[in-house]
$ cat entry_4.tsv   # TSV, C-alpha atoms and all ligand atoms
chain	number	residue	atom	x	y	z
A	1	MET	CA	0.00	0.00	0.00
A	2	ALA	CA	1.57	3.26	-1.12
A	3	GLY	CA	-1.12	5.53	0.26
A	4	LYS	CA	-3.86	5.57	2.82
A	5	ILE	CA	-6.74	7.88	3.65
A	6	ILE	CA	-8.78	8.43	6.77
A	7	ILE	CA	-12.21	10.01	6.41
A	8	ASP	CA	-13.97	11.54	9.39
A	9	THR	CA	-17.20	9.82	8.45
A	10	GLU	CA	-19.30	11.48	11.17
A	11	ARG	CA	-18.58	14.85	9.57
A	12	CYS	CA	-18.98	13.65	5.96
A	13	LYS	CA	-22.02	14.94	4.05
A	14	GLY	CA	-21.92	12.23	1.41
A	15	CYS	CA	-21.52	14.67	-1.48
A	16	GLY	CA	-19.60	12.02	-3.37
A	17	LEU	CA	-17.04	14.39	-4.90
A	18	CYS	CA	-14.17	12.35	-3.50
A	19	VAL	CA	-15.68	9.20	-5.02
A	20	VAL	CA	-15.82	10.80	-8.47
A	21	VAL	CA	-12.35	12.29	-8.32
A	22	CYS	CA	-10.40	9.27	-7.07
A	23	PRO	CA	-8.40	7.88	-10.00
A	24	LYS	CA	-8.16	4.50	-8.28
A	25	SER	CA	-11.87	4.19	-7.51
A	26	SER	CA	-10.91	3.35	-3.99
A	27	ILE	CA	-13.67	5.32	-2.24
A	28	VAL	CA	-17.34	4.38	-2.06
A	29	ILE	CA	-20.44	5.75	-0.43
A	30	SER	CA	-21.34	3.67	2.60
A	31	LYS	CA	-24.70	1.97	2.88
A	32	LYS	CA	-24.97	2.96	6.52
A	33	SER	CA	-25.77	6.55	7.43
A	34	ASN	CA	-23.88	8.57	10.01
A	35	LYS	CA	-25.54	10.29	12.97
A	36	ASN	CA	-26.47	13.32	10.86
A	37	GLY	CA	-28.30	11.11	8.39
A	38	TYR	CA	-25.78	11.40	5.57
A	39	PHE	CA	-24.38	8.36	3.80
A	40	PRO	CA	-20.67	8.98	4.21
A	41	ALA	CA	-17.79	8.17	1.93
A	42	GLN	CA	-15.40	5.44	3.01
A	43	PRO	CA	-12.33	3.76	1.59
A	44	VAL	CA	-13.31	0.53	-0.16
A	45	PRO	CA	-12.70	-2.25	2.33
A	46	ALA	CA	-10.27	-4.67	0.70
A	47	ASP	CA	-12.20	-7.72	1.76
A	48	ARG	CA	-15.44	-6.46	0.33
A	49	ARG	CA	-14.40	-5.54	-3.17
A	50	PRO	CA	-15.79	-5.42	-5.76
A	51	VAL	CA	-19.23	-5.98	-4.29
A	52	GLU	CA	-19.42	-2.56	-2.66
A	53	SER	CA	-17.48	-0.49	-5.12
A	54	GLY	CA	-18.90	-1.91	-8.32
A	55	VAL	CA	-15.44	-1.39	-9.78
A	56	GLU	CA	-13.50	-4.50	-10.30
A	57	GLY	CA	-10.28	-4.71	-8.42
A	58	ALA	CA	-10.74	-1.41	-6.56
A	59	ALA	CA	-9.84	-1.27	-2.91
A	60	ASP	CA	-8.23	1.06	-0.45
A	61	THR	CA	-5.04	-0.88	-1.02
A	62	ASP	CA	-4.86	0.72	-4.48
A	63	CYS	CA	-4.70	4.21	-2.98
A	64	THR	CA	-1.59	6.04	-4.14
A	65	GLY	CA	-1.86	8.92	-1.71
A	66	CYS	CA	-2.36	11.39	-4.56
A	67	CYS	CA	-4.51	13.70	-2.35
A	68	LEU	CA	-7.11	14.46	-5.03
A	69	CYS	CA	-9.93	13.39	-2.72
A	70	ALA	CA	-8.65	15.60	0.08
A	71	ILE	CA	-8.25	18.57	-2.27
A	72	ILE	CA	-11.85	18.41	-3.47
A	73	CYS	CA	-13.53	17.58	-0.14
A	74	PRO	CA	-15.57	20.65	0.87
A	75	GLU	CA	-15.50	19.55	4.49
A	76	ALA	CA	-11.70	19.07	4.60
A	77	ILE	CA	-12.14	15.86	6.55
A	78	ILE	CA	-9.89	13.55	4.57
A	79	GLU	CA	-6.38	12.94	5.80
A	80	VAL	CA	-3.90	11.38	3.42
A	81	TYR	CA	-0.81	9.38	4.26
A	82	ARG	CA	1.86	8.14	1.92
A	83	ASP	CA	4.83	5.87	2.28
A	84	GLN	CA	8.09	7.69	2.06
A	85	PRO	CA	9.44	6.90	-1.37
A	86	ASN	CA	12.99	6.49	-0.09
A	87	LYS	CA	11.83	3.87	2.35
A	88	ILE	CA	10.39	1.65	-0.34
A	89	ASP	CA	12.17	-0.95	-2.38
A	90	ILE	CA	11.22	-0.92	-5.99
A	91	VAL	CA	10.97	-4.49	-7.04
A	92	ALA	CA	10.89	-4.98	-10.75
A	93	LYS	CA	7.71	-6.93	-10.77
A	94	PRO	CA	5.37	-5.60	-13.44
A	95	GLY	CA	2.23	-3.98	-12.09
A	96	LYS	CA	-1.07	-3.36	-13.84
A	97	LYS	CA	0.36	-1.17	-16.57
A	98	GLY	CA	3.66	-2.94	-16.92
A	99	LYS	CA	5.37	-0.45	-14.62
A	100	PRO	CA	7.39	-1.71	-11.68
A	101	ARG	CA	5.33	-1.84	-8.52
A	102	LEU	CA	6.31	-0.66	-5.11
A	103	VAL	CA	6.01	-3.75	-3.05
A	104	GLU	CA	8.16	-3.86	0.02
A	105	GLU	CA	8.84	-1.47	2.79
A	106	LYS	CA	12.46	-1.13	3.88
A	107	THR	CA	13.06	-1.73	7.53
B	1	MET	CA	3.67	6.50	6.71
B	2	GLU	CA	4.03	10.20	6.21
B	3	THR	CA	1.10	12.60	6.45
B	4	VAL	CA	0.73	14.32	3.10
B	5	PHE	CA	-2.59	16.06	3.63
B	6	THR	CA	-4.30	17.27	6.74
B	7	ARG	CA	-6.58	20.11	7.76
B	8	THR	CA	-4.78	23.40	8.09
B	9	PRO	CA	-4.97	25.04	11.58
B	10	THR	CA	-6.59	28.29	10.42
B	11	PHE	CA	-9.59	26.32	9.09
B	12	LYS	CA	-11.25	25.56	12.44
B	13	ASP	CA	-11.84	21.91	13.17
B	14	CYS	CA	-15.64	22.07	13.29
B	15	PRO	CA	-18.47	21.11	10.96
B	16	THR	CA	-19.73	23.76	8.51
B	17	HIS	CA	-23.38	24.56	7.86
B	18	TYR	CA	-22.96	24.41	4.08
B	19	CYS	CA	-24.96	22.04	1.89
B	20	PRO	CA	-23.24	18.86	0.68
B	21	GLY	CA	-20.94	19.64	-2.26
B	22	CYS	CA	-21.00	23.41	-1.73
B	23	GLY	CA	-17.89	25.28	-2.89
B	24	HIS	CA	-17.65	27.54	0.17
B	25	GLY	CA	-15.88	24.87	2.21
B	26	ILE	CA	-13.22	24.45	-0.45
B	27	ALA	CA	-12.76	28.22	-0.74
B	28	HIS	CA	-12.43	28.58	3.05
B	29	ARG	CA	-9.78	25.88	3.14
B	30	LEU	CA	-7.74	27.52	0.37
B	31	ILE	CA	-7.80	30.87	2.18
B	32	ALA	CA	-6.87	29.22	5.48
B	33	GLU	CA	-3.99	27.34	3.87
B	34	THR	CA	-2.73	30.53	2.27
B	35	ILE	CA	-2.81	32.37	5.60
B	36	ASP	CA	-0.90	29.55	7.28
B	37	GLU	CA	1.64	29.24	4.49
B	38	LEU	CA	2.35	32.97	4.50
B	39	ASP	CA	2.38	32.94	8.30
B	40	ILE	CA	0.11	35.99	8.58
B	41	ARG	CA	-2.54	34.55	10.87
B	42	ASP	CA	-1.94	37.05	13.68
B	43	ARG	CA	-2.18	40.11	11.45
B	44	THR	CA	-4.95	39.14	9.06
B	45	ILE	CA	-8.48	40.51	9.38
B	46	GLY	CA	-11.23	39.08	7.22
B	47	ILE	CA	-14.65	40.42	6.39
B	48	ALA	CA	-17.52	37.95	6.17
B	49	PRO	CA	-20.30	38.62	3.65
B	50	VAL	CA	-24.03	38.53	3.86
B	51	GLY	CA	-25.08	35.34	2.15
B	52	CYS	CA	-24.51	31.66	2.76
B	53	ALA	CA	-20.96	32.37	3.93
B	54	VAL	CA	-22.18	34.81	6.59
B	55	LEU	CA	-20.80	32.46	9.24
B	56	ALA	CA	-17.32	32.37	7.71
B	57	TYR	CA	-16.05	33.93	10.94
B	58	ASP	CA	-17.00	30.73	12.74
B	59	TYR	CA	-14.76	28.70	10.45
B	60	LEU	CA	-11.71	30.85	9.75
B	61	ASP	CA	-9.52	31.20	12.81
B	62	VAL	CA	-8.42	34.79	12.19
B	63	ASP	CA	-9.92	38.07	13.33
B	64	MET	CA	-13.08	38.63	11.35
B	65	ILE	CA	-15.90	41.10	11.26
B	66	GLU	CA	-19.30	41.07	9.66
B	67	VAL	CA	-20.55	44.07	7.70
B	68	ALA	CA	-23.75	45.16	5.98
B	69	HIS	CA	-24.65	43.52	2.71
B	70	GLY	CA	-22.26	44.56	-0.06
B	71	ARG	CA	-20.33	47.07	2.03
B	72	ALA	CA	-17.24	44.97	2.66
B	73	PRO	CA	-14.96	46.91	0.27
B	74	ALA	CA	-15.91	50.21	1.94
B	75	VAL	CA	-15.23	48.83	5.42
B	76	ALA	CA	-12.04	47.16	4.21
B	77	THR	CA	-10.90	50.53	2.89
B	78	GLY	CA	-11.16	52.06	6.34
B	79	MET	CA	-9.53	49.09	7.99
B	80	LYS	CA	-6.54	49.06	5.67
B	81	ARG	CA	-6.03	52.80	5.72
B	82	THR	CA	-6.02	52.95	9.50
B	83	ASN	CA	-4.04	49.71	9.94
B	84	PRO	CA	-1.71	49.52	6.96
B	85	ASP	CA	0.32	46.74	8.56
B	86	LYS	CA	-2.70	44.42	8.72
B	87	ILE	CA	-3.67	42.11	5.89
B	88	ILE	CA	-7.28	42.82	5.01
B	89	PHE	CA	-9.41	40.54	2.89
B	90	SER	CA	-13.09	40.39	2.14
B	91	TYR	CA	-15.00	37.25	1.24
B	92	GLN	CA	-18.02	38.08	-0.87
B	93	GLY	CA	-20.57	36.17	-2.86
B	94	ASP	CA	-22.08	37.31	-6.12
B	95	GLY	CA	-25.28	38.50	-4.49
B	96	ASP	CA	-23.16	40.59	-2.16
B	97	LEU	CA	-20.48	41.87	-4.52
B	98	ALA	CA	-22.19	41.92	-7.90
B	99	ALA	CA	-25.66	43.12	-6.87
B	100	ILE	CA	-26.10	45.32	-3.82
B	101	GLY	CA	-22.38	45.99	-3.43
B	102	THR	CA	-21.55	46.96	-7.02
B	103	ALA	CA	-20.84	50.59	-6.17
B	104	GLU	CA	-18.53	49.71	-3.27
B	105	ILE	CA	-16.48	47.16	-5.19
B	106	ILE	CA	-16.04	49.36	-8.25
B	107	HIS	CA	-14.95	52.38	-6.26
B	108	ALA	CA	-12.63	50.42	-3.98
B	109	ALA	CA	-10.94	48.96	-7.05
B	110	HIS	CA	-10.93	52.33	-8.73
B	111	ARG	CA	-9.22	53.97	-5.76
B	112	GLY	CA	-6.68	51.16	-5.80
B	113	GLU	CA	-7.28	50.20	-2.18
B	114	GLN	CA	-4.66	47.72	-0.99
B	115	ILE	CA	-7.11	44.98	-0.11
B	116	THR	CA	-7.68	41.43	-1.31
B	117	VAL	CA	-11.15	40.36	-2.36
B	118	ILE	CA	-12.20	36.74	-2.70
B	119	PHE	CA	-15.29	36.76	-4.88
B	120	ILE	CA	-17.42	33.61	-4.86
B	121	ASN	CA	-19.55	33.43	-7.98
B	122	ASN	CA	-22.17	30.69	-7.87
B	123	ALA	CA	-24.67	32.40	-10.17
B	124	VAL	CA	-27.53	32.53	-7.64
B	125	PHE	CA	-28.58	34.06	-4.34
B	126	GLY	CA	-28.05	30.95	-2.24
B	127	MET	CA	-29.02	31.99	1.28
B	128	THR	CA	-32.36	33.53	0.42
B	129	GLY	CA	-33.60	30.60	-1.65
B	130	GLY	CA	-31.88	30.49	-5.02
B	131	GLN	CA	-33.19	33.63	-6.70
B	132	MET	CA	-31.63	35.04	-9.84
B	133	ALA	CA	-28.42	37.01	-9.29
B	134	PRO	CA	-26.82	39.44	-11.74
B	135	THR	CA	-24.39	36.60	-12.53
B	136	THR	CA	-27.07	34.01	-13.35
B	137	VAL	CA	-26.37	32.71	-16.86
B	138	LEU	CA	-28.92	32.90	-19.67
B	139	GLY	CA	-31.36	30.02	-19.60
B	140	GLN	CA	-30.57	29.16	-15.98
B	141	ILE	CA	-33.62	28.22	-13.93
B	142	THR	CA	-33.84	29.95	-10.56
B	143	ALA	CA	-36.65	30.68	-8.09
B	144	THR	CA	-37.33	34.01	-9.82
B	145	THR	CA	-36.68	32.84	-13.39
B	146	PRO	CA	-38.67	29.61	-13.50
B	147	GLN	CA	-38.57	29.58	-17.31
B	148	GLY	CA	-34.84	30.32	-17.36
B	149	ARG	CA	-33.16	33.74	-17.46
B	150	GLU	CA	-33.87	35.69	-20.63
B	151	ALA	CA	-31.81	38.64	-21.79
B	152	ALA	CA	-34.90	40.51	-22.96
B	153	GLY	CA	-36.49	40.58	-19.53
B	154	GLU	CA	-33.66	40.07	-17.05
B	155	GLY	CA	-30.58	41.31	-18.87
B	156	PHE	CA	-27.26	39.57	-19.44
B	157	PRO	CA	-25.00	37.98	-16.81
B	158	LEU	CA	-22.73	40.59	-15.27
B	159	GLN	CA	-19.00	40.00	-15.70
B	160	VAL	CA	-17.71	41.94	-12.74
B	161	SER	CA	-14.10	40.82	-12.98
B	162	GLU	CA	-13.84	42.04	-16.57
B	163	LEU	CA	-15.22	45.41	-15.48
B	164	LEU	CA	-12.82	45.71	-12.57
B	165	ALA	CA	-9.82	44.66	-14.63
B	166	LEU	CA	-10.30	47.80	-16.75
B	167	LEU	CA	-9.68	50.07	-13.77
B	168	PRO	CA	-6.14	51.36	-13.28
B	169	GLY	CA	-6.40	50.88	-9.50
B	170	ALA	CA	-6.78	47.11	-9.87
B	171	ILE	CA	-3.40	45.41	-10.09
B	172	TYR	CA	-4.48	41.78	-10.07
B	173	VAL	CA	-7.73	40.19	-11.19
B	174	GLU	CA	-8.03	36.49	-11.93
B	175	ARG	CA	-10.95	34.13	-12.45
B	176	CYS	CA	-10.61	30.50	-11.38
B	177	ALA	CA	-12.99	27.59	-10.94
B	178	LEU	CA	-13.45	25.25	-8.00
B	179	SER	CA	-14.32	22.41	-10.39
B	180	GLY	CA	-12.07	19.42	-10.09
B	181	ALA	CA	-8.76	19.03	-8.34
B	182	ALA	CA	-6.75	20.82	-11.06
B	183	GLY	CA	-9.01	23.87	-10.89
B	184	ILE	CA	-8.78	23.93	-7.11
B	185	ARG	CA	-4.96	23.81	-7.27
B	186	LYS	CA	-4.95	26.76	-9.68
B	187	THR	CA	-7.36	28.66	-7.46
B	188	LYS	CA	-5.04	28.17	-4.52
B	189	LYS	CA	-2.15	29.67	-6.50
B	190	ALA	CA	-4.27	32.67	-7.45
B	191	ILE	CA	-5.46	33.29	-3.87
B	192	LYS	CA	-1.92	33.00	-2.62
B	193	HIS	CA	-0.67	35.42	-5.23
B	194	ALA	CA	-3.35	37.96	-4.28
B	195	PHE	CA	-2.38	37.74	-0.60
B	196	GLU	CA	1.31	37.90	-1.43
B	197	LEU	CA	0.77	41.14	-3.31
B	198	GLN	CA	-0.78	42.72	-0.24
B	199	VAL	CA	1.87	41.30	2.08
B	200	GLY	CA	4.55	42.70	-0.21
B	201	GLY	CA	2.92	46.11	-0.04
B	202	ALA	CA	1.89	46.25	-3.71
B	203	GLN	CA	0.06	49.49	-4.49
B	204	GLY	CA	-3.35	48.42	-5.62
B	205	PHE	CA	-6.43	46.29	-5.43
B	206	SER	CA	-6.52	42.53	-6.00
B	207	LEU	CA	-9.45	40.23	-6.60
B	208	VAL	CA	-9.82	36.53	-7.29
B	209	GLU	CA	-13.15	35.32	-8.61
B	210	LEU	CA	-14.03	31.70	-7.90
B	211	LEU	CA	-16.68	29.92	-9.91
B	212	SER	CA	-18.18	27.83	-7.17
B	213	PRO	CA	-20.85	25.12	-7.12
B	214	CYS	CA	-24.26	25.57	-5.47
B	215	PRO	CA	-25.70	22.11	-6.13
B	216	VAL	CA	-28.92	22.79	-4.24
B	217	TYR	CA	-30.10	25.79	-6.21
B	218	TRP	CA	-28.65	24.55	-9.46
B	219	ARG	CA	-30.83	21.49	-8.93
B	220	MET	CA	-27.92	19.17	-9.63
B	221	THR	CA	-25.80	16.61	-7.84
B	222	PRO	CA	-22.43	17.87	-6.59
B	223	ALA	CA	-20.66	15.99	-9.38
B	224	GLU	CA	-22.99	17.43	-12.03
B	225	SER	CA	-22.41	20.91	-10.62
B	226	MET	CA	-18.67	20.53	-11.12
B	227	GLU	CA	-19.31	19.51	-14.71
B	228	TRP	CA	-21.71	22.39	-15.25
B	229	ILE	CA	-19.06	24.87	-14.14
B	230	GLU	CA	-16.62	23.44	-16.65
B	231	LYS	CA	-19.04	23.09	-19.54
B	232	GLU	CA	-21.48	25.99	-19.17
B	233	MET	CA	-20.38	28.54	-16.64
B	234	THR	CA	-16.89	29.01	-18.08
B	235	LYS	CA	-18.46	29.94	-21.44
B	236	VAL	CA	-19.93	33.05	-19.85
B	237	PHE	CA	-17.16	33.53	-17.30
B	238	PRO	CA	-13.93	32.53	-19.06
B	239	LEU	CA	-11.13	31.49	-16.74
B	240	GLY	CA	-7.76	33.13	-16.58
B	241	ARG	CA	-5.81	36.12	-15.45
B	242	LEU	CA	-7.60	39.29	-16.49
B	243	LYS	CA	-5.02	41.64	-15.09
B	244	GLY	CA	-1.60	41.50	-13.46
C	301	LIG	S1	-5.41	9.76	-2.12
C	301	LIG	FE1	-5.83	9.57	-4.34
C	301	LIG	S2	-5.88	7.35	-4.72
C	301	LIG	FE2	-6.06	7.64	-2.48
C	301	LIG	S3	-8.27	7.65	-2.12
C	301	LIG	FE3	-7.65	9.78	-2.38
C	301	LIG	S4	-7.97	10.21	-4.56
C	301	LIG	FE4	-8.00	7.98	-4.30
C	302	LIG	S1	-15.83	14.85	-0.55
C	302	LIG	FE1	-15.76	14.96	1.71
C	302	LIG	S2	-17.87	15.42	2.34
C	302	LIG	FE2	-17.96	14.74	0.22
C	302	LIG	S3	-18.37	12.54	0.33
C	302	LIG	FE3	-16.15	12.77	0.23
C	302	LIG	S4	-15.46	12.84	2.36
C	302	LIG	FE4	-17.67	13.19	2.38
C	303	LIG	S1	-27.37	27.25	-0.89
C	303	LIG	FE1	-25.71	26.94	-2.37
C	303	LIG	S2	-24.08	28.38	-1.81
C	303	LIG	FE2	-25.50	28.21	-0.06
C	303	LIG	S3	-24.58	26.64	1.27
C	303	LIG	FE3	-26.06	25.61	-0.07
C	303	LIG	S4	-24.87	24.92	-1.84
C	303	LIG	FE4	-23.64	26.46	-0.75

$ encode --input "entry_4.tsv" --output "structure tokens"
Amino acid sequence: MAGKIIIDTERCKGCGLCVVVCPKSSIVISKKSNKNGYFPAQPVPADRRPVESGVEGAADTDCTGCCLCAIICPEAIIEVYRDQPNKIDIVAKPGKKGKPRLVEEKT
Amino acid sequence: METVFTRTPTFKDCPTHYCPGCGHGIAHRLIAETIDELDIRDRTIGIAPVGCAVLAYDYLDVDMIEVAHGRAPAVATGMKRTNPDKIIFSYQGDGDLAAIGTAEIIHAAHRGEQITVIFINNAVFGMTGGQMAPTTVLGQITATTPQGREAAGEGFPLQVSELLALLPGAIYVERCALSGAAGIRKTKKAIKHAFELQVGGAQGFSLVELLSPCPVYWRMTPAESMEWIEKEMTKVFPLGRLKG
């Protein structure tokens, strides 16, 4: 996992802008409402793909930490984390588009 | 893992009253980030508008005051002239700036007041129920133009930024859009530039217009609103630097 997001779901208004903007389709709108009655956005749980997301192969583990979701969120409730590039070994295993994938974290 | 994005301290950590998908939240965040990045939080004074963003002073953690509808540029003039070391900005919607406050904004720009104006253009009066604003585009359905705005009866959309850019007192006027992440990044640059001008003591008036979604009174989903800005609104309000 190169990136990770945390959404403050109790403050989310379910506008869905983060869902639309995520290039990895790794955010979905939850089926359960929060205490304000909005259906909040959440990272796609890896074990529940693609049932919830409707996008094959999408999961929060695909998040790259690009920050697009956080930039568009009108509530500013998304925090984004990314692995430090210099702490990652690039293993020449082809990924989805034939590019090497970042697979292991250096200790 | 390293934190690459988190809420900036000047944008108070509390819920906003804005509708889902409203652009005000994004605009507030960009202003707050700019204030933090320029480290001017303790000498910035903002002016909240009358309109949906009337409670902006509850969200931006800087000194703020609230003034009568449309009068922000006049009050800002007094504030800046008496406190030249303070950074003064006004946050105004299109109902505020382009309707009732037209005289104030034009004369403040004309006098070259050293203030920064953030102008939120969402083409309707949001707070009062989505009535037509001077900036409503032709054909747009609002509470007071149920058949769509027609030039014959209601006139053409008012391009305030173009008007202001003609005035010698205005040194920087740019129009940006809060549609999509790329547009938001550009908007941030423009807001920062406008603040930097004032911090650097530039002699003149600066304004950044933000095309901003109002999904509720556009009768669209938030995602459709973003698309509408890109496809329709920018035809009437072309993006780019108009001056400076
Ligand atoms: S950081 Fe980028 S990839 Fe990760 S969820 Fe947000 S938009 Fe998607
Ligand atoms: S953009 Fe923000 S408010 Fe909208 S659905 Fe995503 S997390 Fe919730
Ligand atoms: S009415 Fe429009 S401008 Fe006002 S808070 Fe709602 S979406 Fe935003």

$ closest_atom_pairs --input "entry_4.tsv" --of "chain A" --to "ligand LIG 302 (chain C)" --cutoff "8 Å" --atoms "all atoms listed in the file" --output "Markdown table"
| residue | atom | partner | partner_atom | distance |
| --- | --- | --- | --- | --- |
| A:Ile7 | CA | C:LIG302 | S4 | 5.9 |
| A:Asp8 | CA | C:LIG302 | S4 | 7.3 |
| A:Thr9 | CA | C:LIG302 | FE4 | 7.0 |
| A:Arg11 | CA | C:LIG302 | S2 | 7.3 |
| A:Cys12 | CA | C:LIG302 | FE4 | 3.8 |
| A:Lys13 | CA | C:LIG302 | S2 | 4.5 |
| A:Gly14 | CA | C:LIG302 | S3 | 3.7 |
| A:Cys15 | CA | C:LIG302 | FE2 | 3.9 |
| A:Gly16 | CA | C:LIG302 | S3 | 3.9 |
| A:Leu17 | CA | C:LIG302 | S1 | 4.5 |
| A:Cys18 | CA | C:LIG302 | S1 | 4.2 |
| A:Val19 | CA | C:LIG302 | FE3 | 6.4 |
| A:Ile29 | CA | C:LIG302 | S3 | 7.1 |
| A:Pro40 | CA | C:LIG302 | FE4 | 5.5 |
| A:Ala41 | CA | C:LIG302 | S3 | 4.7 |
| A:Gln42 | CA | C:LIG302 | S4 | 7.4 |
| A:Cys69 | CA | C:LIG302 | S1 | 6.5 |
| A:Ala70 | CA | C:LIG302 | S1 | 7.2 |
| A:Ile72 | CA | C:LIG302 | S1 | 6.1 |
| A:Cys73 | CA | C:LIG302 | S1 | 3.6 |
| A:Pro74 | CA | C:LIG302 | FE1 | 5.8 |
| A:Glu75 | CA | C:LIG302 | S2 | 5.2 |
| A:Ala76 | CA | C:LIG302 | FE1 | 6.5 |
| A:Ile77 | CA | C:LIG302 | FE1 | 6.1 |
| A:Ile78 | CA | C:LIG302 | S4 | 6.0 |

$ residues_near_point --input "entry_4.tsv" --point "(-15.6, 18.5, -12.2)" --cutoff "10 Å" --atoms "only C-alpha atoms" --output "ChimeraX atom specification"
/A:17,20-21,72 /B:177-183,213,222-231

$ closest_atom_pairs --input "entry_4.tsv" --of "chain A" --to "ligand LIG 301 (chain C)" --cutoff "6 Å" --atoms "all atoms listed in the file" --output "Markdown table"
| residue | atom | partner | partner_atom | distance |
| --- | --- | --- | --- | --- |
| A:Ile5 | CA | C:LIG301 | S3 | 6.0 |
| A:Cys22 | CA | C:LIG301 | S4 | 3.6 |
| A:Pro23 | CA | C:LIG301 | FE4 | 5.7 |
| A:Lys24 | CA | C:LIG301 | S2 | 5.1 |
| A:Ser26 | CA | C:LIG301 | S3 | 5.4 |
| A:Ile27 | CA | C:LIG301 | S3 | 5.9 |
| A:Cys63 | CA | C:LIG301 | FE2 | 3.7 |
| A:Thr64 | CA | C:LIG301 | S2 | 4.5 |
| A:Gly65 | CA | C:LIG301 | S1 | 3.7 |
| A:Cys66 | CA | C:LIG301 | FE1 | 3.9 |
| A:Cys67 | CA | C:LIG301 | S1 | 4.0 |
| A:Leu68 | CA | C:LIG301 | S4 | 4.4 |
| A:Cys69 | CA | C:LIG301 | S4 | 4.2 |
| A:Val80 | CA | C:LIG301 | S1 | 6.0 |

$ atom_distance --input "entry_4.tsv" --atom1 "atom FE3 of ligand LIG 303 (chain C)" --atom2 "CA of Ile115 (chain B)"
27.1 Å

$ interface_residues --input "entry_4.tsv" --of "chain B" --to "chain A" --cutoff "12 Å" --atoms "only C-alpha atoms" --output "PyMOL selection string"
chain B and resi 1-9+11-30+32-33+59+177-188+212-216+220-227

$ atom_distance --input "entry_4.tsv" --atom1 "CA of Gly70 (chain B)" --atom2 "CA of Val236 (chain B)"
23.0 Å

$ closest_residue --input "entry_4.tsv" --among "B:Leu211, B:Val50, B:Ala190, B:Val117" --to "Thr136 (chain B)" --atoms "all atoms listed in the file"
B:Leu211

$ residues_around --input "entry_4.tsv" --residues "Phe89 (chain B)" --least-positions-apart "5" --cutoff "10 Å" --atoms "all atoms listed in the file" --output "PyMOL selection string"
chain B and resi 31+44-48+64+72-73+76+79-80+114-118+194-195+198+206-207

$ atom_distance --input "entry_4.tsv" --atom1 "CA of Tyr172 (chain B)" --atom2 "CA of Ala74 (chain B)"
18.6 Å

$ closest_residue --input "entry_4.tsv" --among "B:Gly51, B:Pro168, B:Pro84, B:Gly153" --to "Met127 (chain B)" --atoms "all atoms listed in the file"
B:Gly51

$ closest_residue --input "entry_4.tsv" --among "B:Thr34, B:Gln203, B:Gln140, B:Thr128" --to "ligand LIG 303 (chain C)" --atoms "all atoms listed in the file"
B:Thr128

$ closest_residue --input "entry_4.tsv" --among "B:Ala123, B:Ile141, B:Leu166, B:Val75" --to "ligand LIG 303 (chain C)" --atoms "all atoms listed in the file"
B:Ala123

$ axis_aligned_box --input "entry_4.tsv" --around "region 5-12 of chain A" --padding-each-side "8 Å" --output "AutoDock Vina command-line options"
--center_x -13.0 --center_y 11.4 --center_z 7.4 --size_x 28.6 --size_y 23.0 --size_z 23.5

$ closest_residue --input "entry_4.tsv" --among "B:Thr77, B:Thr10, B:Asn122, B:Thr142" --to "ligand LIG 303 (chain C)" --atoms "only C-alpha atoms and all ligand atoms"
B:Asn122

$ closest_residue --input "entry_4.tsv" --among "B:Gly244, B:Pro238, B:Gly201, B:Gly129" --to "ligand LIG 303 (chain C)" --atoms "only C-alpha atoms and all ligand atoms"
B:Gly129
